[in-house]
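File shown here: structure.tsv, holding TSV, C-alpha atoms.
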chain	number	residue	atom	x	y	z
E	19	ALA	CA	-22.04	28.90	55.23
E	20	LEU	CA	-21.28	25.21	55.41
E	21	ASN	CA	-20.14	23.23	52.38
E	22	VAL	CA	-20.46	19.45	52.23
E	23	HIS	CA	-18.15	17.87	49.67
E	24	VAL	CA	-20.80	15.69	48.10
E	25	GLY	CA	-23.14	16.50	45.24
E	26	HIS	CA	-25.30	14.83	42.66
E	27	PHE	CA	-22.30	12.98	41.19
E	28	SER	CA	-22.71	10.74	44.25
E	29	ASP	CA	-26.38	9.96	43.70
E	30	PRO	CA	-27.07	6.23	43.52
E	31	ASP	CA	-27.71	5.32	39.89
E	32	TYR	CA	-31.24	4.24	40.76
E	33	VAL	CA	-32.15	7.50	42.60
E	34	PRO	CA	-31.29	10.52	40.41
E	35	GLY	CA	-31.65	13.74	42.40
E	36	LEU	CA	-31.09	12.26	45.87
E	37	ALA	CA	-28.33	14.71	46.91
E	38	HIS	CA	-30.54	17.64	45.88
E	39	PHE	CA	-33.50	16.13	47.71
E	40	CYS	CA	-31.37	15.72	50.85
E	41	GLU	CA	-30.48	19.42	50.64
E	42	HIS	CA	-34.18	20.31	50.66
E	43	MET	CA	-34.95	18.00	53.57
E	44	LEU	CA	-32.38	19.42	55.98
E	45	PHE	CA	-34.48	22.57	56.30
E	46	LEU	CA	-37.49	20.58	57.52
E	47	GLY	CA	-36.79	19.82	61.15
E	48	ASN	CA	-34.29	18.12	63.46
E	49	LYS	CA	-34.38	16.60	66.93
E	50	LYS	CA	-33.55	19.82	68.77
E	51	PHE	CA	-35.71	22.08	66.58
E	52	PRO	CA	-38.39	19.76	65.13
E	53	GLN	CA	-40.60	22.49	63.69
E	54	GLU	CA	-40.29	22.72	59.92
E	55	GLY	CA	-38.77	25.99	58.76
E	56	GLU	CA	-37.49	26.87	62.24
E	57	LEU	CA	-34.32	28.51	60.91
E	58	GLU	CA	-36.18	30.53	58.28
E	59	ASN	CA	-38.75	31.74	60.80
E	60	PHE	CA	-36.02	32.80	63.21
E	61	LEU	CA	-34.02	34.55	60.48
E	62	ALA	CA	-37.09	36.46	59.34
E	63	SER	CA	-37.30	38.14	62.75
E	64	TYR	CA	-33.78	39.49	62.15
E	65	SER	CA	-34.32	40.51	58.50
E	66	GLY	CA	-32.35	37.46	57.40
E	67	SER	CA	-32.63	34.66	54.88
E	68	SER	CA	-31.20	31.25	54.05
E	69	ASN	CA	-30.70	29.07	51.03
E	70	ALA	CA	-28.68	26.18	49.63
E	71	TYR	CA	-27.61	24.65	46.35
E	72	THR	CA	-26.44	21.26	45.14
E	73	SER	CA	-23.75	21.10	42.47
E	74	ASP	CA	-21.79	18.26	40.90
E	75	GLU	CA	-19.49	17.52	43.83
E	76	ASP	CA	-20.63	19.88	46.59
E	77	THR	CA	-23.71	20.99	48.51
E	78	CYS	CA	-23.58	24.41	50.18
E	79	TYR	CA	-25.93	25.75	52.88
E	80	PHE	CA	-25.84	29.39	53.96
E	81	PHE	CA	-27.71	32.12	55.82
E	82	ASN	CA	-27.45	35.79	56.78
E	83	LEU	CA	-29.17	38.06	59.30
E	84	ASN	CA	-28.75	41.16	61.41
E	85	SER	CA	-25.99	40.36	63.86
E	86	GLY	CA	-28.09	40.47	67.05
E	87	GLY	CA	-29.40	36.95	66.54
E	88	PHE	CA	-26.27	35.28	65.21
E	89	ARG	CA	-25.59	32.85	68.07
E	90	PRO	CA	-29.10	31.31	68.21
E	91	ALA	CA	-29.27	31.25	64.40
E	92	LEU	CA	-25.96	29.39	64.26
E	93	GLU	CA	-27.30	26.86	66.75
E	94	ARG	CA	-30.37	26.21	64.61
E	95	PHE	CA	-28.18	25.92	61.52
E	96	SER	CA	-25.76	23.48	63.14
E	97	GLN	CA	-28.52	21.00	63.88
E	98	PHE	CA	-29.03	20.43	60.14
E	99	PHE	CA	-25.83	18.41	60.29
E	100	VAL	CA	-26.28	16.81	63.71
E	101	SER	CA	-29.77	15.31	63.91
E	102	PRO	CA	-32.10	15.87	60.93
E	103	LEU	CA	-35.47	14.10	61.21
E	104	PHE	CA	-36.37	13.32	57.58
E	105	THR	CA	-40.00	12.83	58.67
E	106	ALA	CA	-42.19	10.73	56.38
E	107	THR	CA	-44.76	13.51	55.94
E	108	ALA	CA	-42.08	16.04	54.98
E	109	VAL	CA	-40.48	13.57	52.56
E	110	SER	CA	-43.74	13.05	50.70
E	111	ARG	CA	-44.48	16.76	50.53
E	112	GLU	CA	-40.98	17.86	49.54
E	113	ILE	CA	-40.84	15.45	46.61
E	114	ASN	CA	-43.55	17.62	45.06
E	115	ALA	CA	-41.44	20.73	45.70
E	116	VAL	CA	-38.47	19.18	43.91
E	117	ASP	CA	-40.75	18.12	41.06
E	118	SER	CA	-42.05	21.69	40.73
E	119	GLU	CA	-38.49	23.03	40.66
E	120	ASN	CA	-37.58	20.62	37.87
E	121	SER	CA	-40.71	21.54	35.89
E	122	LYS	CA	-39.70	25.21	36.09
E	123	ASN	CA	-36.21	24.36	34.81
E	124	LEU	CA	-37.57	22.67	31.69
E	125	GLN	CA	-38.27	26.05	30.10
E	126	THR	CA	-34.98	27.63	31.20
E	127	ASP	CA	-32.29	27.68	28.52
E	128	SER	CA	-29.32	27.25	30.86
E	129	TRP	CA	-30.84	24.07	32.31
E	130	ARG	CA	-31.68	22.76	28.84
E	131	PHE	CA	-28.11	23.31	27.66
E	132	ASN	CA	-26.82	21.63	30.80
E	133	GLN	CA	-28.95	18.57	30.12
E	134	LEU	CA	-27.65	18.41	26.54
E	135	GLU	CA	-24.13	18.22	27.97
E	136	LYS	CA	-25.23	15.29	30.11
E	137	VAL	CA	-26.95	13.46	27.27
E	138	ARG	CA	-23.76	13.41	25.21
E	139	ALA	CA	-21.53	12.42	28.16
E	140	ASN	CA	-20.13	8.98	28.87
E	141	PRO	CA	-22.97	7.19	30.73
E	142	GLU	CA	-20.36	5.52	32.96
E	143	HIS	CA	-19.20	8.91	34.28
E	144	PRO	CA	-21.30	10.78	36.89
E	145	VAL	CA	-21.36	13.91	34.73
E	146	ALA	CA	-24.14	12.14	32.82
E	147	LYS	CA	-26.41	11.97	35.88
E	148	PHE	CA	-29.68	13.88	36.19
E	149	GLY	CA	-28.98	15.96	39.26
E	150	THR	CA	-32.24	17.78	40.02
E	151	GLY	CA	-34.55	14.80	40.41
E	152	ASN	CA	-38.34	14.79	40.09
E	153	LYS	CA	-41.36	12.86	41.28
E	154	GLU	CA	-40.63	10.03	38.87
E	155	THR	CA	-37.06	9.45	40.06
E	156	LEU	CA	-37.67	10.09	43.77
E	157	GLU	CA	-40.98	8.29	44.17
E	158	THR	CA	-42.54	6.49	41.21
E	159	GLU	CA	-39.50	4.48	40.08
E	160	LEU	CA	-38.41	3.78	43.66
E	161	LYS	CA	-41.79	2.29	44.49
E	162	LYS	CA	-41.55	0.05	41.43
E	163	MET	CA	-38.27	-1.28	42.83
E	164	GLY	CA	-39.79	-1.79	46.27
E	165	LYS	CA	-37.64	0.98	47.75
E	166	ASP	CA	-38.55	3.93	49.97
E	167	ALA	CA	-37.41	7.53	49.47
E	168	ARG	CA	-36.94	8.16	53.18
E	169	GLU	CA	-34.79	5.06	53.62
E	170	GLU	CA	-32.64	6.13	50.68
E	171	LEU	CA	-32.25	9.60	52.23
E	172	LEU	CA	-31.12	8.14	55.54
E	173	LYS	CA	-28.56	5.92	53.82
E	174	PHE	CA	-27.22	8.81	51.73
E	175	TYR	CA	-26.96	11.17	54.69
E	176	ASP	CA	-25.32	8.56	56.91
E	177	LYS	CA	-22.82	7.68	54.21
E	178	PHE	CA	-21.68	11.11	53.05
E	179	TYR	CA	-22.49	13.74	55.69
E	180	SER	CA	-19.30	13.50	57.72
E	181	ALA	CA	-17.28	16.19	59.49
E	182	ASN	CA	-14.20	15.48	57.37
E	183	MET	CA	-16.22	16.35	54.25
E	184	MET	CA	-17.44	19.71	55.60
E	185	SER	CA	-16.02	23.24	55.53
E	186	LEU	CA	-17.58	26.02	57.59
E	187	ALA	CA	-17.15	29.79	57.33
E	188	VAL	CA	-18.70	32.31	59.73
E	189	ILE	CA	-18.56	36.11	59.72
E	190	GLY	CA	-19.86	38.21	62.61
E	191	LYS	CA	-19.20	41.33	64.64
E	192	GLU	CA	-17.86	39.24	67.52
E	193	ASP	CA	-14.13	38.74	68.03
E	194	LEU	CA	-12.43	35.67	66.58
E	195	HIS	CA	-12.17	33.89	69.94
E	196	THR	CA	-15.92	34.17	70.50
E	197	LEU	CA	-16.82	33.00	67.01
E	198	GLN	CA	-14.44	30.06	67.29
E	199	SER	CA	-15.84	29.02	70.66
E	200	TRP	CA	-19.38	29.04	69.23
E	201	VAL	CA	-18.32	26.92	66.28
E	202	VAL	CA	-16.54	24.37	68.48
E	203	GLU	CA	-19.50	24.19	70.85
E	204	LEU	CA	-22.19	23.85	68.19
E	205	PHE	CA	-20.53	21.81	65.45
E	206	SER	CA	-18.19	19.42	67.28
E	207	SER	CA	-20.96	16.85	67.69
E	208	ILE	CA	-21.05	16.23	63.92
E	209	PRO	CA	-19.58	12.73	63.56
E	210	ASN	CA	-16.38	12.20	61.60
E	211	LYS	CA	-16.81	9.03	59.53
E	212	ASP	CA	-13.53	9.45	57.60
E	213	VAL	CA	-15.39	9.43	54.30
E	214	MET	CA	-13.15	9.38	51.24
E	215	PRO	CA	-13.60	12.22	48.71
E	216	PRO	CA	-16.31	11.15	46.26
E	217	GLU	CA	-14.18	11.94	43.20
E	218	GLU	CA	-11.76	9.14	44.10
E	219	ARG	CA	-14.26	6.78	42.51
E	220	TRP	CA	-14.04	8.35	39.05
E	221	ALA	CA	-11.39	11.10	38.74
E	222	GLY	CA	-8.69	10.00	36.34
E	223	LYS	CA	-10.35	6.62	35.93
E	224	ILE	CA	-13.36	7.29	33.69
E	225	LEU	CA	-13.43	9.71	30.76
E	226	PRO	CA	-16.41	12.09	30.96
E	227	TYR	CA	-16.73	12.27	27.16
E	228	SER	CA	-15.73	9.99	24.33
E	229	MET	CA	-13.72	11.35	21.41
E	230	GLU	CA	-16.80	10.96	19.22
E	231	ALA	CA	-18.91	13.08	21.58
E	232	SER	CA	-16.19	15.71	21.85
E	233	ASN	CA	-15.83	16.40	18.14
E	234	VAL	CA	-19.39	17.60	17.63
E	235	ILE	CA	-21.07	20.97	17.10
E	236	TYR	CA	-24.64	21.31	18.43
E	237	ASN	CA	-26.98	24.02	17.21
E	238	VAL	CA	-29.63	24.58	19.85
E	239	VAL	CA	-32.84	26.57	19.41
E	240	PRO	CA	-33.32	28.56	22.67
E	241	ILE	CA	-36.57	29.32	24.46
E	242	GLN	CA	-35.57	32.93	25.09
E	243	ASP	CA	-34.42	35.36	22.44
E	244	GLU	CA	-30.70	35.05	23.07
E	245	ARG	CA	-27.48	34.09	21.32
E	246	SER	CA	-24.54	32.35	22.97
E	247	LEU	CA	-21.52	30.18	22.21
E	248	LEU	CA	-20.46	27.45	24.61
E	249	LEU	CA	-17.10	25.69	24.21
E	250	THR	CA	-16.33	22.58	26.26
E	251	TRP	CA	-12.93	20.91	26.40
Just give me the structure of the file as structure tokens.
Amino acid sequence: ALNVHVGHFSDPDYVPGLAHFCEHMLFLGNKKFPQEGELENFLASYSGSSNAYTSDEDTCYFFNLNSGGFRPALERFSQFFVSPLFTATAVSREINAVDSENSKNLQTDSWRFNQLEKVRANPEHPVAKFGTGNKETLETELKKMGKDAREELLKFYDKFYSANMMSLAVIGKEDLHTLQSWVVELFSSIPNKDVMPPEERWAGKILPYSMEASNVIYNVVPIQDERSLLLTW
């Protein structure tokens, strides 16, 4: 697993969902392995799988497989962070995938509650940002502004995907010396841009909620037949 210390809190205000979109795009080819889904196809031959998620301040990529193919799988994985292609055809297609994911979330209570939290947050704080993104934010509105989704992806990746913002963990049957040598060989080419932690731009400087927003009780009608109490402080 590799964690990048950047999440949707770092989305440009005019491109909600860009960090999440970048997460999707890293699976769709790089210079060394240009075929889309190369890692997933390789993992499938070893009964493995991969996934990723984008949170407020972090994006985490991970995979597992039967140990026989670990070294070549790790090589394919490392190239996500060395030379992703962000091809124009993949960008256009993956926007629809993100849009479908967001549409699914609209009828999920946990996502609806999460969005309520954002609506009542201080709009100057990144907690108010719409993190998933959809076709409107990643394509329609960008085109109105004369901007291009692929260009925004490249700028975001170049700005935040730096070695000093990444943490890697590997577990395998090999001894520690072997695992370490693989990591050094495969991941050392990731550039270190000395990026400052994203939270330095807002932590302790901007209140996420006003006092007025904090002293409120919301009664929410759920989609599912469930009862819950959520306290935020």
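Between Phe27 in chain E and the residues E:Glu244, E:Asp74, E:Asp117, E:Glu112, the shortest atom-to-atom distance, using only C-alpha atoms, involves E:Asp74.
For the residues E:Glu170, E:Glu192, E:Asp212, E:Glu157, ranking by smallest atom-to-atom distance to Phe88 in chain E using all atoms listed in the file places E:Glu192 first.
Residue nearest Ser206 in chain E within the list E:Val100, E:Leu249, E:Val188, E:Leu92: E:Val100 [criterion: smallest interatomic distance, only C-alpha atoms].
Among the candidates E:Gln125, E:Asn21, E:Ser28, E:Asn237, the residue lying nearest to Pro144 in chain E is E:Ser28 (atoms considered: all atoms listed in the file).
Put simply, CA of Tyr79 in chain E is 5.3 Å away from CA of Leu20 in chain E.
As for CA of Lys161 in chain E and CA of Leu134 in chain E, they are spaced 28.0 Å apart.
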Interatomic distance between CA of Asn69 in chain E and CA of Asp166 in chain E?
26.4 Å
